[in-house]
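S.K.: Below are the structure tokens for one structure; questions will follow.
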Amino acid sequence: MKTVDARGLSCPEPVMLTDEAVKSGKRPIKVLVSEPHQKMNIEKYAKDHDISFTTEETEDGFAVMLG
């Protein structure tokens with residue numbers, strides 16, 4: 001599993017890092033973000049690219065798992 005730690009980064013960095021991870025071809029990918037709007041942006045990215053995902057709240061933000 002590949003982990004993208006985008007906690008504390010400003011947009012569009014979390015989406016850019018997620019895109020790089022998706023293009024690497026290694027899945028599943030866990031994307032860690034710290035803010036609700038970052039979570040929504042990653043979920044939108046997944047929907048736009050037909051990637052299944054689940055989201056869970058963590059101690060310090062959110063983890064979005066891309067399948």
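In the structure tokens, chains take letters A, B, ... by order of appearance, with residues numbered from 1 within each chain and ligands from 1 in the order shown.
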Name all residues at most 6 Å from region 17-31 of chain A (count only C-alpha atoms; drop same-chain ones fewer than 4 positions away) and give them as a PyMOL selection string.
M.R.: chain A and resi 1-4+63-67
S.K.: Could you list, as a list in words, every residue within 10 Å of Met16 (chain A), counting only C-alpha atoms and ignoring same-chain residues fewer than 6 positions away?
M.R.: Ala6, Val22, Ile42 and Tyr45 of chain A
S.K.: Run DSSP on the backbone and give me the residues of chain A it puts in strand (DSSP E or B), as a list in words.
M.R.: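 So the strand (DSSP E or B) residues in chain A would be Lys2, Thr3, Val4, Asp5, Ile29, Lys30, Val31, Leu32, Val33, Phe53, Thr54, Thr55, Glu56, Glu57, Thr58, Gly61, Phe62, Ala63, Val64, Met65 and Leu66 of chain A.
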S.K.: Show me, as number ranges by chain, the residues that have an atom within 12 Å of Met40 (chain A) when counting only C-alpha atoms, minus same-chain residues fewer than 5 positions from it.
M.R.: A: 11, 14-15, 31, 33-35, 45-47, 53-55, 62-64
S.K.: In Å to one decimal, how far is CA of Asp60 (chain A) from CA of Glu43 (chain A)?
M.R.: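 CA of Asp60 (chain A) lies at a distance of 17.9 Å from CA of Glu43 (chain A).
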S.K.: Looking only at alpha helix (DSSP H) from DSSP on the backbone, list the matching residues of chain A as a ChimeraX atom specification.
M.R.: /A:13-24,36-48
